[in-house]
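A.B. asks: One file: my_file-v9.cif (mmCIF, C-alpha atoms and all ligand atoms).
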data_protein
loop_
_atom_site.group_PDB
_atom_site.id
_atom_site.type_symbol
_atom_site.label_atom_id
_atom_site.label_comp_id
_atom_site.auth_asym_id
_atom_site.auth_seq_id
_atom_site.Cartn_x
_atom_site.Cartn_y
_atom_site.Cartn_z
ATOM 1 C CA MET U 23 -23.315 51.884 -10.528
ATOM 2 C CA GLN U 24 -22.223 51.739 -14.127
ATOM 3 C CA ILE U 25 -21.289 48.476 -15.834
ATOM 4 C CA CYS U 26 -18.886 48.607 -18.781
ATOM 5 C CA HIS U 27 -18.378 45.580 -21.001
ATOM 6 C CA THR U 28 -16.268 47.071 -23.762
ATOM 7 C CA ILE U 29 -13.022 48.954 -24.084
ATOM 8 C CA ASP U 30 -14.840 51.852 -25.786
ATOM 9 C CA GLU U 31 -17.265 52.137 -22.857
ATOM 10 C CA ILE U 32 -14.546 52.129 -20.216
ATOM 11 C CA ARG U 33 -12.489 54.721 -22.111
ATOM 12 C CA VAL U 34 -15.441 57.106 -22.471
ATOM 13 C CA THR U 35 -16.309 56.683 -18.789
ATOM 14 C CA ARG U 36 -12.708 57.269 -17.731
ATOM 15 C CA ARG U 37 -12.459 60.430 -19.841
ATOM 16 C CA ARG U 38 -15.599 61.785 -18.180
ATOM 17 C CA ALA U 39 -14.243 61.114 -14.665
ATOM 18 C CA ARG U 40 -10.977 62.816 -15.540
ATOM 19 C CA ARG U 41 -12.843 65.870 -16.857
ATOM 20 C CA ASP U 42 -14.601 66.127 -13.489
ATOM 21 C CA GLY U 43 -11.201 66.067 -11.749
ATOM 22 C CA LYS U 44 -12.072 62.937 -9.770
ATOM 23 C CA SER U 45 -9.403 60.521 -8.560
ATOM 24 C CA LEU U 46 -10.048 56.893 -9.466
ATOM 25 C CA GLY U 47 -9.162 53.711 -7.594
ATOM 26 C CA LEU U 48 -9.149 50.325 -9.314
ATOM 27 C CA VAL U 49 -9.698 46.959 -7.650
ATOM 28 C CA PRO U 50 -8.802 44.252 -10.185
ATOM 29 C CA THR U 51 -10.518 40.915 -9.435
ATOM 30 C CA MET U 52 -11.443 37.624 -11.014
ATOM 31 C CA GLY U 53 -14.871 37.759 -9.351
ATOM 32 C CA ALA U 54 -16.153 35.161 -6.833
ATOM 33 C CA LEU U 55 -15.807 37.998 -4.371
ATOM 34 C CA HIS U 56 -15.233 37.549 -0.649
ATOM 35 C CA GLU U 57 -14.425 39.786 2.316
ATOM 36 C CA GLY U 58 -10.813 40.061 1.130
ATOM 37 C CA HIS U 59 -11.919 41.744 -2.095
ATOM 38 C CA LEU U 60 -14.412 43.899 -0.222
ATOM 39 C CA SER U 61 -11.653 45.114 2.104
ATOM 40 C CA LEU U 62 -9.788 46.317 -1.018
ATOM 41 C CA VAL U 63 -12.922 48.120 -2.194
ATOM 42 C CA ARG U 64 -13.318 49.805 1.208
ATOM 43 C CA MET U 65 -9.691 50.910 1.184
ATOM 44 C CA ALA U 66 -10.145 52.254 -2.357
ATOM 45 C CA LYS U 67 -13.265 54.151 -1.291
ATOM 46 C CA ALA U 68 -11.404 55.693 1.627
ATOM 47 C CA GLN U 69 -8.577 56.892 -0.641
ATOM 48 C CA CYS U 70 -10.232 57.812 -3.960
ATOM 49 C CA ASP U 71 -13.222 59.836 -5.215
ATOM 50 C CA LEU U 72 -14.410 57.061 -7.516
ATOM 51 C CA VAL U 73 -13.910 53.311 -7.331
ATOM 52 C CA ALA U 74 -13.867 50.875 -10.236
ATOM 53 C CA ALA U 75 -13.677 47.098 -9.917
ATOM 54 C CA SER U 76 -12.811 44.802 -12.781
ATOM 55 C CA ILE U 77 -14.137 41.270 -12.971
ATOM 56 C CA PHE U 78 -12.308 39.078 -15.453
ATOM 57 C CA VAL U 79 -11.265 35.447 -15.133
ATOM 58 C CA ASN U 80 -7.998 35.872 -16.991
ATOM 59 C CA PRO U 81 -7.258 32.785 -19.111
ATOM 60 C CA LEU U 82 -3.679 33.924 -19.619
ATOM 61 C CA GLN U 83 -2.757 33.298 -15.985
ATOM 62 C CA PHE U 84 -4.031 29.696 -15.864
ATOM 63 C CA GLY U 85 -1.904 26.730 -16.944
ATOM 64 C CA PRO U 86 -3.328 24.079 -19.303
ATOM 65 C CA ASN U 87 -4.205 21.688 -16.441
ATOM 66 C CA GLU U 88 -5.469 24.294 -14.005
ATOM 67 C CA ASP U 89 -8.937 25.341 -12.880
ATOM 68 C CA LEU U 90 -9.873 27.949 -15.530
ATOM 69 C CA ALA U 91 -13.036 26.095 -16.590
ATOM 70 C CA LYS U 92 -14.339 25.519 -13.083
ATOM 71 C CA TYR U 93 -13.150 28.765 -11.480
ATOM 72 C CA PRO U 94 -16.242 30.050 -9.600
ATOM 73 C CA ARG U 95 -18.229 32.636 -11.578
ATOM 74 C CA ASN U 96 -21.304 34.409 -10.215
ATOM 75 C CA PHE U 97 -21.641 37.842 -11.742
ATOM 76 C CA GLU U 98 -25.047 38.646 -10.198
ATOM 77 C CA ARG U 99 -23.784 38.022 -6.666
ATOM 78 C CA ASP U 100 -20.567 39.966 -7.325
ATOM 79 C CA ARG U 101 -22.546 42.850 -8.806
ATOM 80 C CA GLU U 102 -24.810 43.027 -5.732
ATOM 81 C CA LEU U 103 -21.853 42.970 -3.336
ATOM 82 C CA LEU U 104 -20.052 45.723 -5.224
ATOM 83 C CA GLU U 105 -23.191 47.828 -5.450
ATOM 84 C CA LYS U 106 -23.708 47.493 -1.699
ATOM 85 C CA GLU U 107 -20.133 48.723 -1.124
ATOM 86 C CA GLY U 108 -20.835 51.800 -3.233
ATOM 87 C CA VAL U 109 -18.559 50.926 -6.160
ATOM 88 C CA ASP U 110 -19.079 53.412 -9.009
ATOM 89 C CA LEU U 111 -18.092 51.293 -11.954
ATOM 90 C CA ILE U 112 -17.607 47.649 -12.877
ATOM 91 C CA PHE U 113 -15.524 46.695 -15.888
ATOM 92 C CA VAL U 114 -16.472 43.203 -16.965
ATOM 93 C CA PRO U 115 -15.001 42.522 -20.394
ATOM 94 C CA SER U 116 -15.231 39.301 -22.397
ATOM 95 C CA VAL U 117 -12.148 37.259 -23.235
ATOM 96 C CA GLN U 118 -12.544 38.363 -26.865
ATOM 97 C CA GLU U 119 -12.543 42.003 -25.805
ATOM 98 C CA MET U 120 -9.331 41.661 -23.792
ATOM 99 C CA TYR U 121 -7.523 39.243 -26.088
ATOM 100 C CA PRO U 122 -8.724 39.667 -29.665
ATOM 101 C CA ALA U 123 -7.514 37.029 -32.098
ATOM 102 C CA GLY U 124 -3.897 37.640 -33.044
ATOM 103 C CA ALA U 125 -2.843 39.277 -29.747
ATOM 104 C CA VAL U 126 0.787 38.225 -29.255
ATOM 105 C CA THR U 127 2.193 40.889 -26.940
ATOM 106 C CA TYR U 128 2.994 40.053 -23.330
ATOM 107 C CA VAL U 129 4.437 41.845 -20.323
ATOM 108 C CA THR U 130 7.072 39.827 -18.480
ATOM 109 C CA VAL U 131 8.879 40.841 -15.317
ATOM 110 C CA GLU U 132 12.156 39.012 -15.871
ATOM 111 C CA GLY U 133 13.728 37.242 -12.923
ATOM 112 C CA LEU U 134 10.700 37.593 -10.651
ATOM 113 C CA GLY U 135 7.994 35.867 -12.667
ATOM 114 C CA ASP U 136 9.519 32.430 -12.112
ATOM 115 C CA LYS U 137 9.776 32.670 -8.337
ATOM 116 C CA LEU U 138 7.380 31.100 -5.780
ATOM 117 C CA CYS U 139 4.078 30.358 -7.584
ATOM 118 C CA GLY U 140 5.764 31.230 -10.882
ATOM 119 C CA ARG U 141 7.977 28.150 -10.541
ATOM 120 C CA SER U 142 5.119 25.671 -10.283
ATOM 121 C CA ARG U 143 2.791 27.722 -12.498
ATOM 122 C CA PRO U 144 4.932 28.613 -15.534
ATOM 123 C CA GLY U 145 3.525 31.635 -17.348
ATOM 124 C CA HIS U 146 1.182 32.536 -14.480
ATOM 125 C CA PHE U 147 2.774 35.857 -13.607
ATOM 126 C CA ARG U 148 3.235 36.761 -17.261
ATOM 127 C CA GLY U 149 -0.526 36.325 -17.580
ATOM 128 C CA VAL U 150 -1.132 38.504 -14.529
ATOM 129 C CA THR U 151 1.218 41.310 -15.600
ATOM 130 C CA THR U 152 -0.059 41.328 -19.178
ATOM 131 C CA LEU U 153 -3.648 41.623 -17.986
ATOM 132 C CA VAL U 154 -2.949 44.135 -15.219
ATOM 133 C CA SER U 155 -0.939 46.385 -17.552
ATOM 134 C CA LYS U 156 -3.846 46.316 -20.017
ATOM 135 C CA LEU U 157 -6.256 47.215 -17.203
ATOM 136 C CA PHE U 158 -3.983 50.099 -16.199
ATOM 137 C CA ASN U 159 -3.932 51.332 -19.815
ATOM 138 C CA LEU U 160 -7.709 51.156 -20.098
ATOM 139 C CA VAL U 161 -8.872 52.340 -16.691
ATOM 140 C CA GLU U 162 -5.945 54.694 -15.972
ATOM 141 C CA PRO U 163 -6.440 54.467 -12.211
ATOM 142 C CA ASP U 164 -4.633 56.822 -9.858
ATOM 143 C CA ARG U 165 -4.342 53.970 -7.374
ATOM 144 C CA ALA U 166 -4.772 50.216 -7.694
ATOM 145 C CA PHE U 167 -5.490 47.903 -4.787
ATOM 146 C CA PHE U 168 -4.152 44.357 -4.350
ATOM 147 C CA GLY U 169 -4.206 41.850 -1.498
ATOM 148 C CA GLN U 170 -1.140 40.829 0.491
ATOM 149 C CA LYS U 171 -2.281 37.202 0.179
ATOM 150 C CA ASP U 172 -0.800 37.234 -3.330
ATOM 151 C CA ALA U 173 2.416 38.740 -2.004
ATOM 152 C CA ALA U 174 4.588 37.758 -4.967
ATOM 153 C CA GLN U 175 1.973 39.158 -7.338
ATOM 154 C CA SER U 176 2.091 42.515 -5.531
ATOM 155 C CA THR U 177 5.897 42.587 -5.634
ATOM 156 C CA ILE U 178 5.894 41.793 -9.355
ATOM 157 C CA ILE U 179 3.222 44.386 -10.163
ATOM 158 C CA ARG U 180 5.094 47.048 -8.209
ATOM 159 C CA ARG U 181 8.226 46.245 -10.197
ATOM 160 C CA MET U 182 6.332 46.357 -13.494
ATOM 161 C CA VAL U 183 4.857 49.752 -12.622
ATOM 162 C CA ARG U 184 8.270 51.074 -11.676
ATOM 163 C CA ASP U 185 10.067 49.646 -14.723
ATOM 164 C CA LEU U 186 7.424 50.788 -17.224
ATOM 165 C CA ASN U 187 6.759 54.164 -15.536
ATOM 166 C CA ILE U 188 3.049 53.476 -15.271
ATOM 167 C CA PRO U 189 1.507 56.429 -13.398
ATOM 168 C CA VAL U 190 -0.388 54.457 -10.773
ATOM 169 C CA GLN U 191 0.190 53.986 -7.073
ATOM 170 C CA ILE U 192 0.009 50.372 -5.920
ATOM 171 C CA VAL U 193 -1.667 49.869 -2.548
ATOM 172 C CA VAL U 194 -1.308 46.460 -0.894
ATOM 173 C CA CYS U 195 -3.908 45.621 1.748
ATOM 174 C CA PRO U 196 -3.631 43.099 4.616
ATOM 175 C CA ILE U 197 -4.807 39.494 4.299
ATOM 176 C CA VAL U 198 -8.373 38.969 5.487
ATOM 177 C CA ARG U 199 -8.825 35.707 7.400
ATOM 178 C CA GLU U 200 -11.706 33.511 8.500
ATOM 179 C CA PRO U 201 -12.172 33.486 12.309
ATOM 180 C CA ASP U 202 -9.973 30.354 12.583
ATOM 181 C CA GLY U 203 -7.166 31.937 10.539
ATOM 182 C CA LEU U 204 -7.702 30.489 7.052
ATOM 183 C CA ALA U 205 -6.864 33.158 4.475
ATOM 184 C CA MET U 206 -9.921 34.113 2.442
ATOM 185 C CA SER U 207 -9.719 32.888 -1.140
ATOM 186 C CA SER U 208 -12.168 32.290 -3.945
ATOM 187 C CA ARG U 209 -10.636 28.811 -4.179
ATOM 188 C CA ASN U 210 -11.805 27.956 -0.634
ATOM 189 C CA ALA U 211 -15.140 27.264 -2.350
ATOM 190 C CA TYR U 212 -13.578 24.048 -3.729
ATOM 191 C CA LEU U 213 -13.054 22.602 -0.227
ATOM 192 C CA ASP U 214 -15.400 20.067 1.387
ATOM 193 C CA ALA U 215 -15.697 20.004 5.203
ATOM 194 C CA GLN U 216 -12.720 17.671 5.708
ATOM 195 C CA GLN U 217 -10.521 19.588 3.276
ATOM 196 C CA ARG U 218 -11.531 22.840 4.925
ATOM 197 C CA LYS U 219 -10.020 21.482 8.173
ATOM 198 C CA SER U 220 -6.858 20.338 6.379
ATOM 199 C CA ALA U 221 -6.490 23.738 4.734
ATOM 200 C CA LEU U 222 -5.931 25.335 8.113
ATOM 201 C CA ALA U 223 -2.498 23.667 8.138
ATOM 202 C CA LEU U 224 -1.136 26.484 5.941
ATOM 203 C CA TYR U 225 -1.945 29.137 8.531
ATOM 204 C CA ARG U 226 -0.839 26.876 11.382
ATOM 205 C CA SER U 227 2.549 26.346 9.743
ATOM 206 C CA LEU U 228 3.027 30.097 9.398
ATOM 207 C CA MET U 229 2.053 30.622 13.033
ATOM 208 C CA GLU U 230 4.562 27.961 14.064
ATOM 209 C CA VAL U 231 7.283 29.893 12.224
ATOM 210 C CA GLN U 232 6.112 33.200 13.696
ATOM 211 C CA GLU U 233 6.233 31.719 17.188
ATOM 212 C CA ARG U 234 9.770 30.386 16.760
ATOM 213 C CA PHE U 235 10.870 33.689 15.269
ATOM 214 C CA ASP U 236 9.340 35.533 18.241
ATOM 215 C CA GLN U 237 11.245 33.187 20.559
ATOM 216 C CA GLY U 238 14.482 34.270 18.898
ATOM 217 C CA GLU U 239 15.090 31.661 16.176
ATOM 218 C CA ARG U 240 16.876 33.369 13.275
ATOM 219 C CA LYS U 241 18.204 30.365 11.334
ATOM 220 C CA VAL U 242 16.271 30.482 8.071
ATOM 221 C CA HIS U 243 16.621 26.748 7.339
ATOM 222 C CA ALA U 244 15.380 25.855 10.838
ATOM 223 C CA LEU U 245 12.311 28.037 10.390
ATOM 224 C CA ILE U 246 11.591 26.544 6.957
ATOM 225 C CA GLU U 247 11.967 23.037 8.377
ATOM 226 C CA ALA U 248 9.558 23.862 11.208
ATOM 227 C CA GLY U 249 7.012 25.171 8.701
ATOM 228 C CA LYS U 250 7.383 22.120 6.456
ATOM 229 C CA GLN U 251 7.067 19.715 9.381
ATOM 230 C CA SER U 252 3.946 21.483 10.556
ATOM 231 C CA CYS U 253 2.414 20.992 7.086
ATOM 232 C CA ALA U 254 3.542 17.360 6.993
ATOM 233 C CA ARG U 255 1.385 16.637 10.035
ATOM 234 C CA VAL U 256 -1.626 16.812 7.692
ATOM 235 C CA PRO U 257 -1.053 13.930 5.263
ATOM 236 C CA SER U 258 -3.805 15.010 2.867
ATOM 237 C CA LEU U 259 -1.957 18.284 2.256
ATOM 238 C CA ARG U 260 0.453 18.273 -0.703
ATOM 239 C CA LEU U 261 3.051 20.955 -0.142
ATOM 240 C CA ASP U 262 4.154 22.885 -3.220
ATOM 241 C CA TYR U 263 6.645 25.184 -1.503
ATOM 242 C CA PHE U 264 7.514 26.649 1.874
ATOM 243 C CA GLU U 265 10.000 29.462 1.393
ATOM 244 C CA ILE U 266 11.459 32.480 3.146
ATOM 245 C CA VAL U 267 12.383 35.139 0.606
ATOM 246 C CA ASP U 268 13.283 38.782 0.231
ATOM 247 C CA LEU U 269 10.222 41.011 -0.139
ATOM 248 C CA GLU U 270 11.600 42.802 -3.208
ATOM 249 C CA THR U 271 13.659 40.212 -5.075
ATOM 250 C CA LEU U 272 11.732 37.084 -3.998
ATOM 251 C CA GLU U 273 15.151 35.388 -3.660
ATOM 252 C CA PRO U 274 15.799 33.138 -0.629
ATOM 253 C CA VAL U 275 17.264 35.101 2.293
ATOM 254 C CA ASP U 276 20.050 34.196 4.709
ATOM 255 C CA ASP U 277 18.955 36.553 7.456
ATOM 256 C CA PHE U 278 16.175 38.931 8.451
ATOM 257 C CA SER U 279 18.064 42.216 8.201
ATOM 258 C CA ARG U 280 15.656 43.492 5.516
ATOM 259 C CA GLY U 281 12.625 41.603 6.775
ATOM 260 C CA ALA U 282 11.368 38.583 4.851
ATOM 261 C CA LEU U 283 8.308 36.993 3.329
ATOM 262 C CA VAL U 284 7.402 33.538 4.607
ATOM 263 C CA ALA U 285 5.286 32.027 1.847
ATOM 264 C CA VAL U 286 3.531 28.685 1.602
ATOM 265 C CA ALA U 287 1.573 27.016 -1.194
ATOM 266 C CA ALA U 288 -0.130 23.637 -0.984
ATOM 267 C CA PHE U 289 -2.777 21.533 -2.633
ATOM 268 C CA VAL U 290 -5.729 20.382 -0.588
ATOM 269 C CA GLY U 291 -7.607 18.048 -2.898
ATOM 270 C CA ASN U 292 -7.524 19.901 -6.188
ATOM 271 C CA ALA U 293 -7.507 23.335 -4.584
ATOM 272 C CA ARG U 294 -4.169 25.109 -4.688
ATOM 273 C CA LEU U 295 -4.007 27.459 -1.698
ATOM 274 C CA ILE U 296 -1.418 30.051 -0.720
ATOM 275 C CA ASP U 297 -0.722 32.085 2.404
ATOM 276 C CA ASN U 298 2.100 34.152 3.877
ATOM 277 C CA ILE U 299 3.354 36.297 6.716
ATOM 278 C CA VAL U 300 6.043 38.950 6.858
ATOM 279 C CA LEU U 301 8.753 38.724 9.498
ATOM 280 C CA GLY U 302 10.236 42.072 10.412
ATOM 281 C CA PRO U 303 13.920 42.970 10.518
ATOM 282 C CA ALA U 304 15.720 41.396 13.485
HETATM 283 O O1 LIG M 1 -5.338 38.567 -7.815
HETATM 284 C C1 LIG M 1 -6.170 38.327 -8.708
HETATM 285 O O2 LIG M 1 -7.352 38.076 -8.468
HETATM 286 C C2 LIG M 1 -5.702 38.309 -10.152
HETATM 287 O O3 LIG M 1 -4.431 37.756 -10.270
HETATM 288 C C3 LIG M 1 -5.765 39.697 -10.825
HETATM 289 C C4 LIG M 1 -4.800 40.678 -10.170
HETATM 290 C C5 LIG M 1 -7.165 40.227 -10.761
HETATM 291 C C6 LIG M 1 -5.351 39.584 -12.286
HETATM 292 O O4 LIG M 1 -6.183 38.724 -12.989
#
Translate this file's structure into structure tokens.
Ligand code: PAF
C.D. replies:
Amino acid sequence: MQICHTIDEIRVTRRRARRDGKSLGLVPTMGALHEGHLSLVRMAKAQCDLVAASIFVNPLQFGPNEDLAKYPRNFERDRELLEKEGVDLIFVPSVQEMYPAGAVTYVTVEGLGDKLCGRSRPGHFRGVTTLVSKLFNLVEPDRAFFGQKDAAQSTIIRRMVRDLNIPVQIVVCPIVREPDGLAMSSRNAYLDAQQRKSALALYRSLMEVQERFDQGERKVHALIEAGKQSCARVPSLRLDYFEIVDLETLEPVDDFSRGALVAVAAFVGNARLIDNIVLGPA
């Protein structure tokens, strides 16, 4: 497994792979890898000749009072996990390498970047799309793999790729959950035992909505209310949003004719957790 730290290294490596006619899959990550990330790697391996993973805690997608400084970092462990999965290449650039002094160019997906997490985390999606577009320019993957847990992120990246004609296919892989249903997240590492129990409320609220939907409830406001009430049963949980939105526009929906994303975000202690389900067309 090759490890590239610089832009020059990754470009040379990419050129070599292209010469050999190999297809390349990219799994962008911020490290602190868990089974969710590894499921992306396995999907990439199944679909591409070569697999690259990037590890970069992207300062541009963190707000001033967020967890950039304490975001979990353990390169040795991540490296071992990726090696075990048979990843061919890790790109692990420094902040300086990705954002040299004077960098003032950003990629913004207008009208989507301020929805869901973008509303409570201003600039977050601009940070994601700027970084991901740079990764696409550097690694030139044929396919790139993202998790459905960050559903809005996937929607926004798809739109960016379409609008900017970036020649990469975006593959979105299912959420990987702990046995009790909690969505896997690097931020779960922040939770103590009590908070870990509280965190399950996100999944429970989504299941409550799923159940009512399965029983025939189609009133969007009633489903949102049920989800919110389910969260409210855990007083230590601070709800950020509980929304039902269109999968493409991220705008609130009135009905389920095109299917819909049910998305929840909440703080448990200082950990901001997100989860979602998709409800199919009626
Ligand atoms: O989903 C993530 O871990 C990050 O937002 C990503 C896509 C790696 C960009 O930093």
A.B. asks: With all atoms listed in the file counted, collect every polymer residue having an atom within 6 Å of ligand LIG 1 (chain M); state the result as a PyMOL selection string.
C.D. replies: chain U and resi 50-52+80+150+154
A.B. asks: Selection from above, C-alpha atoms, as a short mmCIF file (atom, residue, chain, number, x, y, z; two decimals), in the coordinates of the input, can you write it?
C.D. replies:
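For reference, result-v2.cif as written:
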data_model
loop_
_atom_site.label_atom_id
_atom_site.label_comp_id
_atom_site.auth_asym_id
_atom_site.auth_seq_id
_atom_site.Cartn_x
_atom_site.Cartn_y
_atom_site.Cartn_z
CA PRO U 50 -8.80 44.25 -10.18
CA THR U 51 -10.52 40.92 -9.44
CA MET U 52 -11.44 37.62 -11.01
CA ASN U 80 -8.00 35.87 -16.99
CA VAL U 150 -1.13 38.50 -14.53
CA VAL U 154 -2.95 44.14 -15.22
#
A.B. asks: Identify all residues satisfying the PyMOL selection byres (((chain U and resi 140) around 12) and not hetatm) in the given file; provide them as number ranges by chain.
C.D. replies: U: 83-85, 130-139, 141-150, 172, 174-175, 178, 262-263, 272, 287
A.B. asks: Pull the neighbourhood of (7.1, 23.0, 7.0) for me: all residues within 12 Å in file coordinates, counting only C-alpha atoms, as a short mmCIF file (atom, residue, chain, number, x, y, z; two decimals) with C-alpha atoms, in the coordinates of the input.
C.D. replies:
data_model
loop_
_atom_site.label_atom_id
_atom_site.label_comp_id
_atom_site.auth_asym_id
_atom_site.auth_seq_id
_atom_site.Cartn_x
_atom_site.Cartn_y
_atom_site.Cartn_z
CA ALA U 223 -2.50 23.67 8.14
CA LEU U 224 -1.14 26.48 5.94
CA TYR U 225 -1.94 29.14 8.53
CA ARG U 226 -0.84 26.88 11.38
CA SER U 227 2.55 26.35 9.74
CA LEU U 228 3.03 30.10 9.40
CA MET U 229 2.05 30.62 13.03
CA GLU U 230 4.56 27.96 14.06
CA VAL U 231 7.28 29.89 12.22
CA VAL U 242 16.27 30.48 8.07
CA HIS U 243 16.62 26.75 7.34
CA ALA U 244 15.38 25.86 10.84
CA LEU U 245 12.31 28.04 10.39
CA ILE U 246 11.59 26.54 6.96
CA GLU U 247 11.97 23.04 8.38
CA ALA U 248 9.56 23.86 11.21
CA GLY U 249 7.01 25.17 8.70
CA LYS U 250 7.38 22.12 6.46
CA GLN U 251 7.07 19.72 9.38
CA SER U 252 3.95 21.48 10.56
CA CYS U 253 2.41 20.99 7.09
CA ALA U 254 3.54 17.36 6.99
CA ARG U 255 1.38 16.64 10.04
CA VAL U 256 -1.63 16.81 7.69
CA LEU U 259 -1.96 18.28 2.26
CA ARG U 260 0.45 18.27 -0.70
CA LEU U 261 3.05 20.96 -0.14
CA ASP U 262 4.15 22.88 -3.22
CA TYR U 263 6.64 25.18 -1.50
CA PHE U 264 7.51 26.65 1.87
CA GLU U 265 10.00 29.46 1.39
CA ILE U 266 11.46 32.48 3.15
CA VAL U 284 7.40 33.54 4.61
CA ALA U 285 5.29 32.03 1.85
CA VAL U 286 3.53 28.68 1.60
CA ALA U 287 1.57 27.02 -1.19
CA ALA U 288 -0.13 23.64 -0.98
#
A.B. asks: Taking only C-alpha atoms into account, name the residue in U:Leu90, U:Met120, U:Val161, U:Val34 that is nearest to U:Ala75.
C.D. replies: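 Of U:Leu90, U:Met120, U:Val161, U:Val34, the one nearest U:Ala75, counting only C-alpha atoms, is U:Val161.
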A.B. asks: So the first atom is atom CA of U:Ile25 and the second is atom CA of U:Val183; what is the distance between them in Å, to one decimal place?
C.D. replies: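 Interatomic distance here is 26.4 Å.
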A.B. asks: Evaluate the PyMOL selection byres (((chain U and resi 103) around 12) and not hetatm) against this structure - the residues, as an MDAnalysis selection string, please.
C.D. replies: chainID U and resid 23 53:57 59:61 63:64 75 96:102 104:109 112
A.B. asks: Going by the chain IDs and residue numbers used in this file, which residues fall under the PyMOL selection byres (((chain U and resi 93) around 9) and not hetatm)? Write them as a list in words.
C.D. replies: Ala54, Val79, Asp89, Leu90, Ala91, Lys92, Pro94, Arg95, Ser208 and Arg209 of chain U
A.B. asks: One decimal, Å: what's the distance from atom CA of U:Leu153 over to atom CA of U:Gln118, could you say?
C.D. replies: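 According to the coordinates, atom CA of U:Leu153 and atom CA of U:Gln118 are separated by 13.0 Å.
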A.B. asks: Quick one, how far is atom CA of U:Val129 from atom CA of U:Thr151?
C.D. replies: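 Separating atom CA of U:Val129 from atom CA of U:Thr151 is a distance of 5.7 Å.
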A.B. asks: I need the residue nearest U:Glu119 from this list: U:Lys219, U:Arg294, U:His27, U:Arg40. Use only C-alpha atoms for the distance.
C.D. replies: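 That would be U:His27, the residue with the smallest distance to U:Glu119.
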A.B. asks: Choose the residue, out of U:Ile179, U:Val126, U:Leu157, U:Ile197, that has the smallest atom-to-atom separation from U:Ile77; count all atoms listed in the file.
C.D. replies: U:Leu157
A.B. asks: Hey, which of U:Tyr128, U:Phe158, U:Phe167, U:Phe235 ends up closest to U:Ile188? Count all atoms listed in the file.
C.D. replies: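 Looking at the shortest contact to U:Ile188, the residue is U:Phe158.
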A.B. asks: I'd like to know which of U:Val73, U:Ile296, U:Leu213, U:Val49 is closest to U:Lys171, using only C-alpha atoms.
C.D. replies: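 Of U:Val73, U:Ile296, U:Leu213, U:Val49, the one nearest U:Lys171 is U:Ile296, counting only C-alpha atoms.
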A.B. asks: Pick from U:Leu160, U:Asp236, U:Tyr121, U:Thr127: nearest to U:Ser76, with all atoms listed in the file counted?
C.D. replies: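 Closest to U:Ser76 of all the choices is U:Leu160.
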A.B. asks: Quick one: axis-aligned box around all listed atoms of stretch 33-47 of chain U, 4 Å on every side, centre and edge lengths in Å to one decimal, written as AutoDock Vina command-line options.
C.D. replies:
--center_x -12.7 --center_y 59.9 --center_z -15.0 --size_x 15.1 --size_y 20.4 --size_z 22.9
